[in-house]
$ cat protein-v3.cif   # mmCIF, C-alpha atoms
data_start
#
loop_
_atom_site.group_PDB
_atom_site.id
_atom_site.type_symbol
_atom_site.label_atom_id
_atom_site.label_comp_id
_atom_site.auth_asym_id
_atom_site.auth_seq_id
_atom_site.Cartn_x
_atom_site.Cartn_y
_atom_site.Cartn_z
ATOM 1 C CA MET C 3 99.434 73.292 98.236
ATOM 2 C CA SER C 4 101.877 75.407 96.284
ATOM 3 C CA PRO C 5 100.957 78.966 95.375
ATOM 4 C CA THR C 6 100.770 80.045 91.758
ATOM 5 C CA GLN C 7 104.151 79.857 90.047
ATOM 6 C CA GLU C 8 105.895 83.214 89.754
ATOM 7 C CA PRO C 9 106.372 84.374 86.154
ATOM 8 C CA SER C 10 110.030 84.483 85.176
ATOM 9 C CA TRP C 11 109.984 88.225 84.570
ATOM 10 C CA ALA C 12 108.825 88.839 88.141
ATOM 11 C CA HIS C 13 111.367 86.602 89.837
ATOM 12 C CA CYS C 14 113.000 88.162 92.911
ATOM 13 C CA GLY C 15 116.188 86.149 93.161
ATOM 14 C CA GLY C 16 118.533 89.038 92.472
ATOM 15 C CA PHE C 17 118.685 88.595 88.698
ATOM 16 C CA PHE C 18 116.487 90.696 86.443
ATOM 17 C CA SER C 19 115.135 90.490 82.939
ATOM 18 C CA PRO C 20 115.196 93.622 80.751
ATOM 19 C CA LEU C 21 111.431 94.018 81.259
ATOM 20 C CA SER C 22 111.618 93.947 85.057
ATOM 21 C CA ARG C 23 114.531 96.394 85.004
ATOM 22 C CA LEU C 24 112.544 98.729 82.761
ATOM 23 C CA LEU C 25 109.501 98.562 85.026
ATOM 24 C CA HIS C 26 111.616 99.060 88.110
ATOM 25 C CA GLY C 27 113.366 102.090 86.667
ATOM 26 C CA ALA C 28 110.146 103.702 85.474
ATOM 27 C CA LEU C 29 108.368 103.258 88.814
ATOM 28 C CA ASP C 30 111.387 103.706 91.080
ATOM 29 C CA ARG C 31 109.951 106.264 93.523
ATOM 30 C CA PHE C 32 106.255 105.525 93.159
ATOM 31 C CA GLU C 33 104.424 104.412 96.301
ATOM 32 C CA LEU C 34 101.623 102.128 95.206
ATOM 33 C CA PRO C 35 99.437 99.362 96.665
ATOM 34 C CA VAL C 36 100.848 95.840 96.376
ATOM 35 C CA LEU C 37 98.852 94.178 93.615
ATOM 36 C CA SER C 38 98.414 90.624 94.943
ATOM 37 C CA GLY C 39 99.603 88.066 97.479
ATOM 38 C CA PRO C 40 99.801 88.308 101.273
ATOM 39 C CA ASN C 41 100.630 92.041 101.317
ATOM 40 C CA ARG C 42 97.906 92.941 98.836
ATOM 41 C CA GLY C 43 96.684 96.489 99.399
ATOM 42 C CA ARG C 44 99.644 97.521 101.525
ATOM 43 C CA LYS C 45 101.540 100.477 100.122
ATOM 44 C CA TRP C 46 105.008 99.802 98.762
ATOM 45 C CA ARG C 47 107.757 102.028 97.426
ATOM 46 C CA VAL C 48 108.180 100.294 94.098
ATOM 47 C CA GLY C 49 111.875 101.132 93.916
ATOM 48 C CA SER C 50 112.637 99.343 97.184
ATOM 49 C CA GLY C 51 113.696 95.813 96.475
ATOM 50 C CA VAL C 52 112.581 94.261 93.222
ATOM 51 C CA ILE C 53 109.496 94.492 91.072
ATOM 52 C CA ALA C 54 108.000 91.191 92.269
ATOM 53 C CA CYS C 55 107.529 92.685 95.744
ATOM 54 C CA TRP C 56 105.149 95.323 94.378
ATOM 55 C CA LEU C 57 103.474 92.711 92.157
ATOM 56 C CA GLY C 58 102.929 90.546 95.239
ATOM 57 C CA ARG C 59 104.696 87.547 93.719
ATOM 58 C CA TYR C 60 107.798 87.423 95.863
ATOM 59 C CA GLU C 61 108.500 84.077 97.567
ATOM 60 C CA ASN C 62 104.826 83.227 97.883
ATOM 61 C CA GLU C 63 105.381 79.716 99.206
ATOM 62 C CA GLU C 64 107.793 80.934 101.868
ATOM 63 C CA MET C 65 105.416 83.766 102.750
ATOM 64 C CA ALA C 66 102.578 81.275 103.191
ATOM 65 C CA VAL C 67 104.647 79.186 105.610
ATOM 66 C CA PHE C 68 105.831 82.307 107.438
ATOM 67 C CA GLY C 69 102.268 83.579 107.811
ATOM 68 C CA GLY C 70 101.140 80.213 109.149
ATOM 69 C CA LEU C 71 103.632 80.462 112.003
ATOM 70 C CA ILE C 72 102.443 83.844 113.282
ATOM 71 C CA LYS C 73 99.668 84.303 115.828
ATOM 72 C CA PRO C 74 98.100 87.507 117.169
ATOM 73 C CA GLY C 75 100.207 88.910 119.990
ATOM 74 C CA ALA C 76 103.357 87.077 118.898
ATOM 75 C CA THR C 77 106.853 88.506 118.651
ATOM 76 C CA VAL C 78 108.524 88.074 115.264
ATOM 77 C CA TRP C 79 112.133 88.832 114.325
ATOM 78 C CA ASP C 80 112.931 89.491 110.668
ATOM 79 C CA LEU C 81 116.692 89.010 110.276
ATOM 80 C CA GLY C 82 117.751 90.425 106.941
ATOM 81 C CA ALA C 83 114.552 92.424 106.620
ATOM 82 C CA HIS C 84 115.590 94.110 103.377
ATOM 83 C CA CYS C 85 112.893 96.710 102.598
ATOM 84 C CA GLY C 86 110.233 95.079 104.733
ATOM 85 C CA TYR C 87 108.239 92.685 102.567
ATOM 86 C CA TYR C 88 108.129 90.012 105.278
ATOM 87 C CA THR C 89 108.045 92.691 107.977
ATOM 88 C CA LEU C 90 104.796 94.149 106.606
ATOM 89 C CA LEU C 91 103.100 90.756 106.706
ATOM 90 C CA ALA C 92 104.324 90.038 110.232
ATOM 91 C CA ALA C 93 103.244 93.464 111.520
ATOM 92 C CA GLY C 94 99.694 92.867 110.337
ATOM 93 C CA LEU C 95 99.448 89.304 111.632
ATOM 94 C CA VAL C 96 100.770 89.959 115.142
ATOM 95 C CA GLY C 97 98.321 92.833 115.524
ATOM 96 C CA PRO C 98 98.516 95.771 117.935
ATOM 97 C CA SER C 99 99.461 93.546 120.883
ATOM 98 C CA GLY C 100 102.345 91.908 119.010
ATOM 99 C CA LYS C 101 105.853 93.041 118.170
ATOM 100 C CA VAL C 102 108.158 92.820 115.181
ATOM 101 C CA VAL C 103 111.912 93.412 115.214
ATOM 102 C CA ALA C 104 113.312 94.123 111.734
ATOM 103 C CA VAL C 105 117.092 93.719 111.522
ATOM 104 C CA GLU C 106 118.798 95.199 108.453
ATOM 105 C CA PRO C 107 122.316 96.676 108.174
ATOM 106 C CA HIS C 108 122.321 97.821 104.522
ATOM 107 C CA PRO C 109 121.663 101.602 104.357
ATOM 108 C CA VAL C 110 119.847 101.442 101.003
ATOM 109 C CA ASN C 111 117.525 98.778 102.335
ATOM 110 C CA LEU C 112 117.057 100.650 105.616
ATOM 111 C CA GLU C 113 115.782 103.678 103.732
ATOM 112 C CA GLY C 114 113.205 101.560 101.910
ATOM 113 C CA LEU C 115 112.259 99.683 105.083
ATOM 114 C CA ARG C 116 111.617 102.869 107.058
ATOM 115 C CA ARG C 117 109.608 104.403 104.247
ATOM 116 C CA ASN C 118 107.463 101.298 103.693
ATOM 117 C CA LEU C 119 106.593 101.221 107.391
ATOM 118 C CA GLU C 120 105.876 104.949 107.428
ATOM 119 C CA ILE C 121 103.505 105.002 104.451
ATOM 120 C CA ASN C 122 101.551 102.106 105.979
ATOM 121 C CA ARG C 123 101.427 103.827 109.390
ATOM 122 C CA ILE C 124 102.894 100.760 111.094
ATOM 123 C CA THR C 125 103.947 101.362 114.680
ATOM 124 C CA ASN C 126 104.579 97.878 116.108
ATOM 125 C CA VAL C 127 107.957 97.392 114.387
ATOM 126 C CA THR C 128 111.375 98.155 115.883
ATOM 127 C CA ILE C 129 114.259 98.540 113.417
ATOM 128 C CA LEU C 130 117.777 97.436 114.342
ATOM 129 C CA ASP C 131 120.600 98.417 111.969
ATOM 130 C CA ARG C 132 123.004 95.635 112.917
ATOM 131 C CA ALA C 133 124.473 92.534 111.294
ATOM 132 C CA VAL C 134 123.452 89.586 113.461
ATOM 133 C CA GLY C 135 126.067 86.865 113.855
ATOM 134 C CA ASP C 136 128.394 85.253 116.387
ATOM 135 C CA SER C 137 129.999 88.410 117.833
ATOM 136 C CA HIS C 138 128.429 91.312 119.697
ATOM 137 C CA ASP C 139 129.127 95.017 119.306
ATOM 138 C CA SER C 140 132.117 94.567 117.049
ATOM 139 C CA GLU C 141 132.641 96.090 113.614
ATOM 140 C CA VAL C 142 132.682 94.102 110.365
ATOM 141 C CA ALA C 143 133.077 94.931 106.689
ATOM 142 C CA PHE C 144 129.902 94.927 104.628
ATOM 143 C CA SER C 145 129.719 94.716 100.854
ATOM 144 C CA ALA C 146 127.758 97.198 98.783
ATOM 145 C CA ASP C 147 126.377 94.688 96.303
ATOM 146 C CA THR C 148 123.512 96.467 94.604
ATOM 147 C CA VAL C 149 122.331 93.580 92.471
ATOM 148 C CA GLY C 150 118.595 93.914 92.754
ATOM 149 C CA PHE C 151 118.736 97.664 93.337
ATOM 150 C CA GLY C 152 120.115 97.383 96.865
ATOM 151 C CA TYR C 153 118.817 93.883 97.509
ATOM 152 C CA GLY C 154 122.279 92.431 97.997
ATOM 153 C CA GLY C 155 125.044 93.101 100.458
ATOM 154 C CA ALA C 156 126.730 90.813 102.947
ATOM 155 C CA VAL C 157 129.364 90.608 105.640
ATOM 156 C CA VAL C 158 132.752 90.055 103.978
ATOM 157 C CA ALA C 159 136.148 89.011 105.312
ATOM 158 C CA SER C 160 137.926 92.113 104.036
ATOM 159 C CA GLY C 161 137.362 95.211 101.968
ATOM 160 C CA GLY C 162 133.710 96.110 101.680
ATOM 161 C CA ALA C 163 132.179 99.512 101.077
ATOM 162 C CA PHE C 164 131.380 100.338 104.703
ATOM 163 C CA LYS C 165 131.431 99.005 108.255
ATOM 164 C CA VAL C 166 128.473 97.774 110.300
ATOM 165 C CA ARG C 167 128.061 96.927 113.973
ATOM 166 C CA THR C 168 127.312 93.350 114.950
ATOM 167 C CA ALA C 169 124.976 91.748 117.465
ATOM 168 C CA THR C 170 124.142 88.286 118.749
ATOM 169 C CA LEU C 171 120.572 87.267 119.446
ATOM 170 C CA ASP C 172 121.390 86.045 122.953
ATOM 171 C CA ARG C 173 122.984 89.347 123.946
ATOM 172 C CA LEU C 174 120.127 91.359 122.453
ATOM 173 C CA ILE C 175 117.548 89.323 124.369
ATOM 174 C CA ASP C 176 119.611 89.514 127.570
ATOM 175 C CA GLY C 177 119.624 93.281 127.047
ATOM 176 C CA GLY C 178 115.833 93.503 127.021
ATOM 177 C CA ALA C 179 114.844 92.820 123.410
ATOM 178 C CA PRO C 180 111.515 90.933 123.124
ATOM 179 C CA TYR C 181 111.794 87.141 123.039
ATOM 180 C CA PRO C 182 111.070 85.786 119.555
ATOM 181 C CA ASP C 183 108.278 83.330 118.878
ATOM 182 C CA VAL C 184 109.162 83.269 115.178
ATOM 183 C CA ILE C 185 112.390 84.157 113.374
ATOM 184 C CA LYS C 186 112.741 84.603 109.635
ATOM 185 C CA MET C 187 116.415 84.637 108.661
ATOM 186 C CA ASP C 188 117.838 85.669 105.281
ATOM 187 C CA VAL C 189 121.371 86.774 106.102
ATOM 188 C CA GLU C 190 123.490 85.913 103.066
ATOM 189 C CA ALA C 191 125.538 82.940 104.294
ATOM 190 C CA MET C 192 125.679 84.083 107.931
ATOM 191 C CA GLU C 193 123.096 81.486 108.994
ATOM 192 C CA ALA C 194 125.442 79.271 111.020
ATOM 193 C CA ALA C 195 127.099 82.318 112.608
ATOM 194 C CA VAL C 196 123.711 83.563 113.821
ATOM 195 C CA LEU C 197 123.043 80.193 115.466
ATOM 196 C CA GLU C 198 126.516 80.122 117.005
ATOM 197 C CA GLY C 199 125.695 83.444 118.641
ATOM 198 C CA SER C 200 122.377 82.117 119.975
ATOM 199 C CA PRO C 201 123.067 79.036 122.159
ATOM 200 C CA LYS C 202 120.599 80.029 124.892
ATOM 201 C CA LEU C 203 117.859 80.837 122.404
ATOM 202 C CA LEU C 204 118.362 77.516 120.629
ATOM 203 C CA ALA C 205 118.456 75.547 123.884
ATOM 204 C CA ALA C 206 115.128 77.005 125.008
ATOM 205 C CA ARG C 207 113.365 75.460 121.980
ATOM 206 C CA ARG C 208 110.564 78.030 122.082
ATOM 207 C CA THR C 209 111.130 79.604 118.676
ATOM 208 C CA SER C 210 110.208 78.579 115.132
ATOM 209 C CA TRP C 211 112.831 79.456 112.517
ATOM 210 C CA MET C 212 112.488 79.987 108.768
ATOM 211 C CA VAL C 213 115.979 80.086 107.299
ATOM 212 C CA ALA C 214 117.083 80.902 103.745
ATOM 213 C CA MET C 215 120.252 79.081 102.771
ATOM 214 C CA HIS C 216 122.962 80.496 100.513
ATOM 215 C CA GLU C 217 126.064 78.281 100.536
ATOM 216 C CA HIS C 218 126.065 74.504 100.693
ATOM 217 C CA ASN C 219 128.646 73.943 103.427
ATOM 218 C CA ILE C 220 127.039 76.584 105.632
ATOM 219 C CA ALA C 221 123.623 75.070 104.944
ATOM 220 C CA VAL C 222 124.849 71.669 106.098
ATOM 221 C CA ARG C 223 126.243 73.190 109.279
ATOM 222 C CA THR C 224 123.050 75.147 109.911
ATOM 223 C CA VAL C 225 120.778 72.119 109.573
ATOM 224 C CA GLU C 226 123.093 70.053 111.769
ATOM 225 C CA MET C 227 123.055 72.718 114.492
ATOM 226 C CA LEU C 228 119.275 73.025 114.432
ATOM 227 C CA ARG C 229 118.773 69.268 114.667
ATOM 228 C CA ALA C 230 121.360 68.939 117.430
ATOM 229 C CA ALA C 231 119.494 71.606 119.400
ATOM 230 C CA GLY C 232 116.253 69.599 119.249
ATOM 231 C CA TYR C 233 114.489 70.960 116.191
ATOM 232 C CA ASP C 234 112.710 69.165 113.368
ATOM 233 C CA VAL C 235 113.846 70.689 110.070
ATOM 234 C CA TYR C 236 111.765 70.654 106.891
ATOM 235 C CA ASN C 237 112.181 71.833 103.321
ATOM 236 C CA ILE C 238 110.082 74.707 102.016
ATOM 237 C CA GLY C 239 109.446 74.750 98.303
ATOM 238 C CA ASP C 240 112.974 74.699 96.881
ATOM 239 C CA PRO C 241 114.124 72.129 95.902
ATOM 240 C CA PRO C 242 110.671 71.135 94.652
ATOM 241 C CA VAL C 243 109.698 68.498 97.195
ATOM 242 C CA PRO C 244 106.448 68.242 99.171
ATOM 243 C CA PHE C 245 106.218 70.671 102.043
ATOM 244 C CA GLY C 246 106.951 68.950 105.336
ATOM 245 C CA THR C 247 109.629 66.665 103.885
ATOM 246 C CA PRO C 248 112.572 66.435 106.306
ATOM 247 C CA ALA C 249 115.321 68.742 105.037
ATOM 248 C CA LYS C 250 118.108 67.272 102.964
ATOM 249 C CA VAL C 251 121.410 69.018 102.419
ATOM 250 C CA ASP C 252 122.571 67.477 99.142
ATOM 251 C CA TYR C 253 121.559 70.348 96.879
ATOM 252 C CA PRO C 254 124.873 72.238 96.529
ATOM 253 C CA GLU C 255 123.776 74.293 93.526
ATOM 254 C CA TYR C 256 120.432 75.388 94.900
ATOM 255 C CA PHE C 257 119.346 78.220 97.140
ATOM 256 C CA TRP C 258 116.650 76.854 99.421
ATOM 257 C CA THR C 259 114.753 77.557 102.599
ATOM 258 C CA VAL C 260 114.031 75.406 105.637
ATOM 259 C CA LEU C 261 111.546 75.552 108.478
ATOM 260 C CA ALA C 262 112.811 74.485 111.910
ATOM 261 C CA VAL C 263 110.331 73.909 114.736
ATOM 262 C CA PRO C 264 110.819 72.426 118.215
ATOM 263 C CA ALA C 265 110.769 68.633 117.911
ATOM 264 C CA GLY C 266 107.237 67.255 117.875
ATOM 265 C CA GLN C 267 105.565 70.589 117.127
ATOM 266 C CA LYS C 268 103.052 70.594 114.295
ATOM 267 C CA VAL C 269 104.033 72.493 111.182
ATOM 268 C CA PRO C 270 101.578 75.121 109.918
ATOM 269 C CA ARG C 271 99.020 74.274 107.294
ATOM 270 C CA VAL C 272 100.083 75.914 104.061
ATOM 271 C CA GLY C 273 97.415 77.446 101.872
ATOM 272 C CA ARG C 274 97.313 79.610 98.794
ATOM 273 C CA TRP C 275 97.434 83.392 98.825
ATOM 274 C CA LYS C 276 94.771 85.019 96.680
ATOM 275 C CA GLN C 277 96.327 86.551 93.585
#
$ encode --input "protein-v3.cif" --output "structure tokens"
Amino acid sequence: MSPTQEPSWAHCGGFFSPLSRLLHGALDRFELPVLSGPNRGRKWRVGSGVIACWLGRYENEEMAVFGGLIKPGATVWDLGAHCGYYTLLAAGLVGPSGKVVAVEPHPVNLEGLRRNLEINRITNVTILDRAVGDSHDSEVAFSADTVGFGYGGAVVASGGAFKVRTATLDRLIDGGAPYPDVIKMDVEAMEAAVLEGSPKLLAARRTSWMVAMHEHNIAVRTVEMLRAAGYDVYNIGDPPVPFGTPAKVDYPEYFWTVLAVPAGQKVPRVGRWKQ
């Protein structure tokens, strides 16, 4: 069942109407309860991210799937955590015996992430300021795209506003990081690189992945790698097909998200968040 459609003025895709920009600017540093959705009642710095996060209307279908994957005591990794919208949900669902690792290299987003955790008194989240990919402990250029008031930013081939350190999931886990039961990945076209740096994690087939896609060719490669590693891959929401439909990769003009679970594993039942 699909959650209520987001109003166009509250859309969080990185493009903003004049009304949402006005609201965002007026409330920039306010710390207020989220008004609806899965994080309802949690405090949120309104200026971190985009206005739909505070309204509670950000990626509701993806959030419903994500929440359905998480059990008390689980370990969740949020790759591309931004200012913590998914992190807040995960921290509550795993409970005091669970762990969340929030990975975010963008300094503007890191500030919002730390503050959103602090004002909610969340203590089961570890923050890692790295860019996860296919190389470990190297330095890469990172863009300073501030579309969405700091929402953007990505690893770039050259130039960039600043440098960030890299990490691979396999090396982090080998170094003592908690083993992920669930991974949410929104890494701005670095999806295949993350998988290429995680062969042992993929081969173990113990982790459920929710992956946001950004470029068609990389999306094709990402889905191919997940299937080759023994995962069933399903569409989530965009393009508008029924949840649980095996993922297709012929949507070159569309940003979309997939769920990958070990082959044969049941997918979570998707409900509707109260608005």
$ residues_around --input "protein-v3.cif" --residues "Gly69 (chain C)" --least-positions-apart "5" --cutoff "8 Å" --atoms "only C-alpha atoms" --output "list in words"
Leu91, Ala92 and Leu95 of chain C
$ atom_distance --input "protein-v3.cif" --atom1 "CA of Ala191 (chain C)" --atom2 "CA of Val127 (chain C)"
24.9 Å
$ atom_distance --input "protein-v3.cif" --atom1 "CA of Thr170 (chain C)" --atom2 "CA of Asp188 (chain C)"
15.1 Å
$ resolve_selection --input "protein-v3.cif" --expression "the PyMOL selection byres ((chain C and resi 197) around 12)" --output "ChimeraX atom specification"
/C:134-137,169-172,185,187,189,191-196,198-205,211,213,220-221,223-231
$ write_last_selection --input "protein-v3.cif" --atoms "C-alpha atoms" --output "PDB file, in the coordinates of the input"
ATOM      1  CA  VAL C 134     123.452  89.586 113.461  1.00  0.00           C
ATOM      2  CA  GLY C 135     126.067  86.865 113.855  1.00  0.00           C
ATOM      3  CA  ASP C 136     128.394  85.253 116.387  1.00  0.00           C
ATOM      4  CA  SER C 137     129.999  88.410 117.833  1.00  0.00           C
ATOM      5  CA  ALA C 169     124.976  91.748 117.465  1.00  0.00           C
ATOM      6  CA  THR C 170     124.142  88.286 118.749  1.00  0.00           C
ATOM      7  CA  LEU C 171     120.572  87.267 119.446  1.00  0.00           C
ATOM      8  CA  ASP C 172     121.390  86.045 122.953  1.00  0.00           C
ATOM      9  CA  ILE C 185     112.390  84.157 113.374  1.00  0.00           C
ATOM     10  CA  MET C 187     116.415  84.637 108.661  1.00  0.00           C
ATOM     11  CA  VAL C 189     121.371  86.774 106.102  1.00  0.00           C
ATOM     12  CA  ALA C 191     125.538  82.940 104.294  1.00  0.00           C
ATOM     13  CA  MET C 192     125.679  84.083 107.931  1.00  0.00           C
ATOM     14  CA  GLU C 193     123.096  81.486 108.994  1.00  0.00           C
ATOM     15  CA  ALA C 194     125.442  79.271 111.020  1.00  0.00           C
ATOM     16  CA  ALA C 195     127.099  82.318 112.608  1.00  0.00           C
ATOM     17  CA  VAL C 196     123.711  83.563 113.821  1.00  0.00           C
ATOM     18  CA  GLU C 198     126.516  80.122 117.005  1.00  0.00           C
ATOM     19  CA  GLY C 199     125.695  83.444 118.641  1.00  0.00           C
ATOM     20  CA  SER C 200     122.377  82.117 119.975  1.00  0.00           C
ATOM     21  CA  PRO C 201     123.067  79.036 122.159  1.00  0.00           C
ATOM     22  CA  LYS C 202     120.599  80.029 124.892  1.00  0.00           C
ATOM     23  CA  LEU C 203     117.859  80.837 122.404  1.00  0.00           C
ATOM     24  CA  LEU C 204     118.362  77.516 120.629  1.00  0.00           C
ATOM     25  CA  ALA C 205     118.456  75.547 123.884  1.00  0.00           C
ATOM     26  CA  TRP C 211     112.831  79.456 112.517  1.00  0.00           C
ATOM     27  CA  VAL C 213     115.979  80.086 107.299  1.00  0.00           C
ATOM     28  CA  ILE C 220     127.039  76.584 105.632  1.00  0.00           C
ATOM     29  CA  ALA C 221     123.623  75.070 104.944  1.00  0.00           C
ATOM     30  CA  ARG C 223     126.243  73.190 109.279  1.00  0.00           C
ATOM     31  CA  THR C 224     123.050  75.147 109.911  1.00  0.00           C
ATOM     32  CA  VAL C 225     120.778  72.119 109.573  1.00  0.00           C
ATOM     33  CA  GLU C 226     123.093  70.053 111.769  1.00  0.00           C
ATOM     34  CA  MET C 227     123.055  72.718 114.492  1.00  0.00           C
ATOM     35  CA  LEU C 228     119.275  73.025 114.432  1.00  0.00           C
ATOM     36  CA  ARG C 229     118.773  69.268 114.667  1.00  0.00           C
ATOM     37  CA  ALA C 230     121.360  68.939 117.430  1.00  0.00           C
ATOM     38  CA  ALA C 231     119.494  71.606 119.400  1.00  0.00           C
TER      39      ALA C 231
END
$ resolve_selection --input "protein-v3.cif" --expression "the PyMOL selection byres ((chain C and resi 90) around 12)" --output "short mmCIF file (atom, residue, chain, number, x, y, z; two decimals) with C-alpha atoms, in the coordinates of the input"
data_model
loop_
_atom_site.label_atom_id
_atom_site.label_comp_id
_atom_site.auth_asym_id
_atom_site.auth_seq_id
_atom_site.Cartn_x
_atom_site.Cartn_y
_atom_site.Cartn_z
CA VAL C 36 100.85 95.84 96.38
CA PRO C 40 99.80 88.31 101.27
CA ASN C 41 100.63 92.04 101.32
CA ARG C 42 97.91 92.94 98.84
CA GLY C 43 96.68 96.49 99.40
CA ARG C 44 99.64 97.52 101.52
CA LYS C 45 101.54 100.48 100.12
CA TRP C 46 105.01 99.80 98.76
CA CYS C 55 107.53 92.68 95.74
CA MET C 65 105.42 83.77 102.75
CA PHE C 68 105.83 82.31 107.44
CA GLY C 69 102.27 83.58 107.81
CA VAL C 78 108.52 88.07 115.26
CA TRP C 79 112.13 88.83 114.32
CA ASP C 80 112.93 89.49 110.67
CA ALA C 83 114.55 92.42 106.62
CA HIS C 84 115.59 94.11 103.38
CA CYS C 85 112.89 96.71 102.60
CA GLY C 86 110.23 95.08 104.73
CA TYR C 87 108.24 92.68 102.57
CA TYR C 88 108.13 90.01 105.28
CA THR C 89 108.04 92.69 107.98
CA LEU C 91 103.10 90.76 106.71
CA ALA C 92 104.32 90.04 110.23
CA ALA C 93 103.24 93.46 111.52
CA GLY C 94 99.69 92.87 110.34
CA LEU C 95 99.45 89.30 111.63
CA VAL C 96 100.77 89.96 115.14
CA GLY C 97 98.32 92.83 115.52
CA LYS C 101 105.85 93.04 118.17
CA VAL C 102 108.16 92.82 115.18
CA VAL C 103 111.91 93.41 115.21
CA ALA C 104 113.31 94.12 111.73
CA LEU C 115 112.26 99.68 105.08
CA ARG C 116 111.62 102.87 107.06
CA ARG C 117 109.61 104.40 104.25
CA ASN C 118 107.46 101.30 103.69
CA LEU C 119 106.59 101.22 107.39
CA GLU C 120 105.88 104.95 107.43
CA ILE C 121 103.50 105.00 104.45
CA ASN C 122 101.55 102.11 105.98
CA ARG C 123 101.43 103.83 109.39
CA ILE C 124 102.89 100.76 111.09
CA THR C 125 103.95 101.36 114.68
CA ASN C 126 104.58 97.88 116.11
CA VAL C 127 107.96 97.39 114.39
#
$ atom_distance --input "protein-v3.cif" --atom1 "CA of Asp139 (chain C)" --atom2 "CA of Asp183 (chain C)"
23.9 Å
$ closest_residue --input "protein-v3.cif" --among "C:Ala179, C:Leu57, C:Arg208, C:Glu64" --to "Trp258 (chain C)" --atoms "only C-alpha atoms"
C:Glu64
$ residues_around --input "protein-v3.cif" --residues "Thr259 (chain C)" --least-positions-apart "6" --cutoff "6 Å" --atoms "all atoms listed in the file" --output "JSON, numbers by chain"
{"C": [213, 214, 215, 238]}
$ residues_around --input "protein-v3.cif" --residues "Ser99 (chain C)" --least-positions-apart "5" --cutoff "8 Å" --atoms "all atoms listed in the file" --output "number ranges by chain"
C: 74-76
$ closest_residue --input "protein-v3.cif" --among "C:Gly178, C:Ser50, C:Ala206, C:Val263" --to "Asn111 (chain C)" --atoms "only C-alpha atoms"
C:Ser50
$ axis_aligned_box --input "protein-v3.cif" --around "region 44-50 of chain C" --padding-each-side "3 Å" --output "JSON"
{"center_x": 106.1, "center_y": 99.8, "center_z": 97.7, "size_x": 19.0, "size_y": 10.5, "size_z": 13.6}
$ closest_residue --input "protein-v3.cif" --among "C:Asn219, C:Arg59, C:Thr128, C:Gly51" --to "Gly39 (chain C)" --atoms "only C-alpha atoms"
C:Arg59
$ resolve_selection --input "protein-v3.cif" --expression "the PyMOL selection byres ((chain C and resi 142) around 6)" --output "list in words"
Glu141, Ala143, Lys165 and Val166 of chain C
$ closest_residue --input "protein-v3.cif" --among "C:Gly232, C:Glu190, C:Lys73, C:Pro98" --to "Glu217 (chain C)" --atoms "all atoms listed in the file"
C:Glu190
$ closest_residue --input "protein-v3.cif" --among "C:Pro107, C:Gly58, C:Pro182, C:Pro264" --to "Leu37 (chain C)" --atoms "all atoms listed in the file"
C:Gly58
$ decode --input "protein-v3.cif" --residues "region 71-79 of chain C" --atoms "N, CA, C and O atoms" --output "PDB file, in the first residue's frame"
ATOM      1  N   LEU C  71      12.392  -3.418   7.453  1.00  0.00           N
ATOM      2  CA  LEU C  71      13.582  -4.277   7.469  1.00  0.00           C
ATOM      3  C   LEU C  71      14.226  -4.366   8.850  1.00  0.00           C
ATOM      4  O   LEU C  71      15.001  -5.289   9.114  1.00  0.00           O
ATOM      5  N   ILE C  72      13.941  -3.392   9.715  1.00  0.00           N
ATOM      6  CA  ILE C  72      14.719  -3.219  10.944  1.00  0.00           C
ATOM      7  C   ILE C  72      14.023  -3.875  12.127  1.00  0.00           C
ATOM      8  O   ILE C  72      12.852  -3.629  12.390  1.00  0.00           O
ATOM      9  N   LYS C  73      14.803  -4.676  12.867  1.00  0.00           N
ATOM     10  CA  LYS C  73      14.302  -5.343  14.061  1.00  0.00           C
ATOM     11  C   LYS C  73      15.048  -4.832  15.293  1.00  0.00           C
ATOM     12  O   LYS C  73      16.180  -4.368  15.194  1.00  0.00           O
ATOM     13  N   PRO C  74      14.415  -4.923  16.462  1.00  0.00           N
ATOM     14  CA  PRO C  74      15.128  -4.528  17.691  1.00  0.00           C
ATOM     15  C   PRO C  74      16.446  -5.286  17.827  1.00  0.00           C
ATOM     16  O   PRO C  74      16.513  -6.488  17.575  1.00  0.00           O
ATOM     17  N   GLY C  75      17.486  -4.568  18.202  1.00  0.00           N
ATOM     18  CA  GLY C  75      18.799  -5.181  18.373  1.00  0.00           C
ATOM     19  C   GLY C  75      19.624  -5.267  17.116  1.00  0.00           C
ATOM     20  O   GLY C  75      20.780  -5.715  17.163  1.00  0.00           O
ATOM     21  N   ALA C  76      19.081  -4.836  15.978  1.00  0.00           N
ATOM     22  CA  ALA C  76      19.791  -4.932  14.708  1.00  0.00           C
ATOM     23  C   ALA C  76      20.888  -3.868  14.615  1.00  0.00           C
ATOM     24  O   ALA C  76      20.932  -2.909  15.389  1.00  0.00           O
ATOM     25  N   THR C  77      21.757  -4.068  13.622  1.00  0.00           N
ATOM     26  CA  THR C  77      22.753  -3.062  13.273  1.00  0.00           C
ATOM     27  C   THR C  77      22.419  -2.529  11.892  1.00  0.00           C
ATOM     28  O   THR C  77      22.266  -3.297  10.938  1.00  0.00           O
ATOM     29  N   VAL C  78      22.287  -1.212  11.792  1.00  0.00           N
ATOM     30  CA  VAL C  78      21.897  -0.552  10.551  1.00  0.00           C
ATOM     31  C   VAL C  78      22.989   0.435  10.151  1.00  0.00           C
ATOM     32  O   VAL C  78      23.472   1.207  10.988  1.00  0.00           O
ATOM     33  N   TRP C  79      23.361   0.410   8.880  1.00  0.00           N
ATOM     34  CA  TRP C  79      24.295   1.398   8.331  1.00  0.00           C
ATOM     35  C   TRP C  79      23.521   2.321   7.402  1.00  0.00           C
ATOM     36  O   TRP C  79      22.786   1.860   6.528  1.00  0.00           O
TER      37      TRP C  79
END
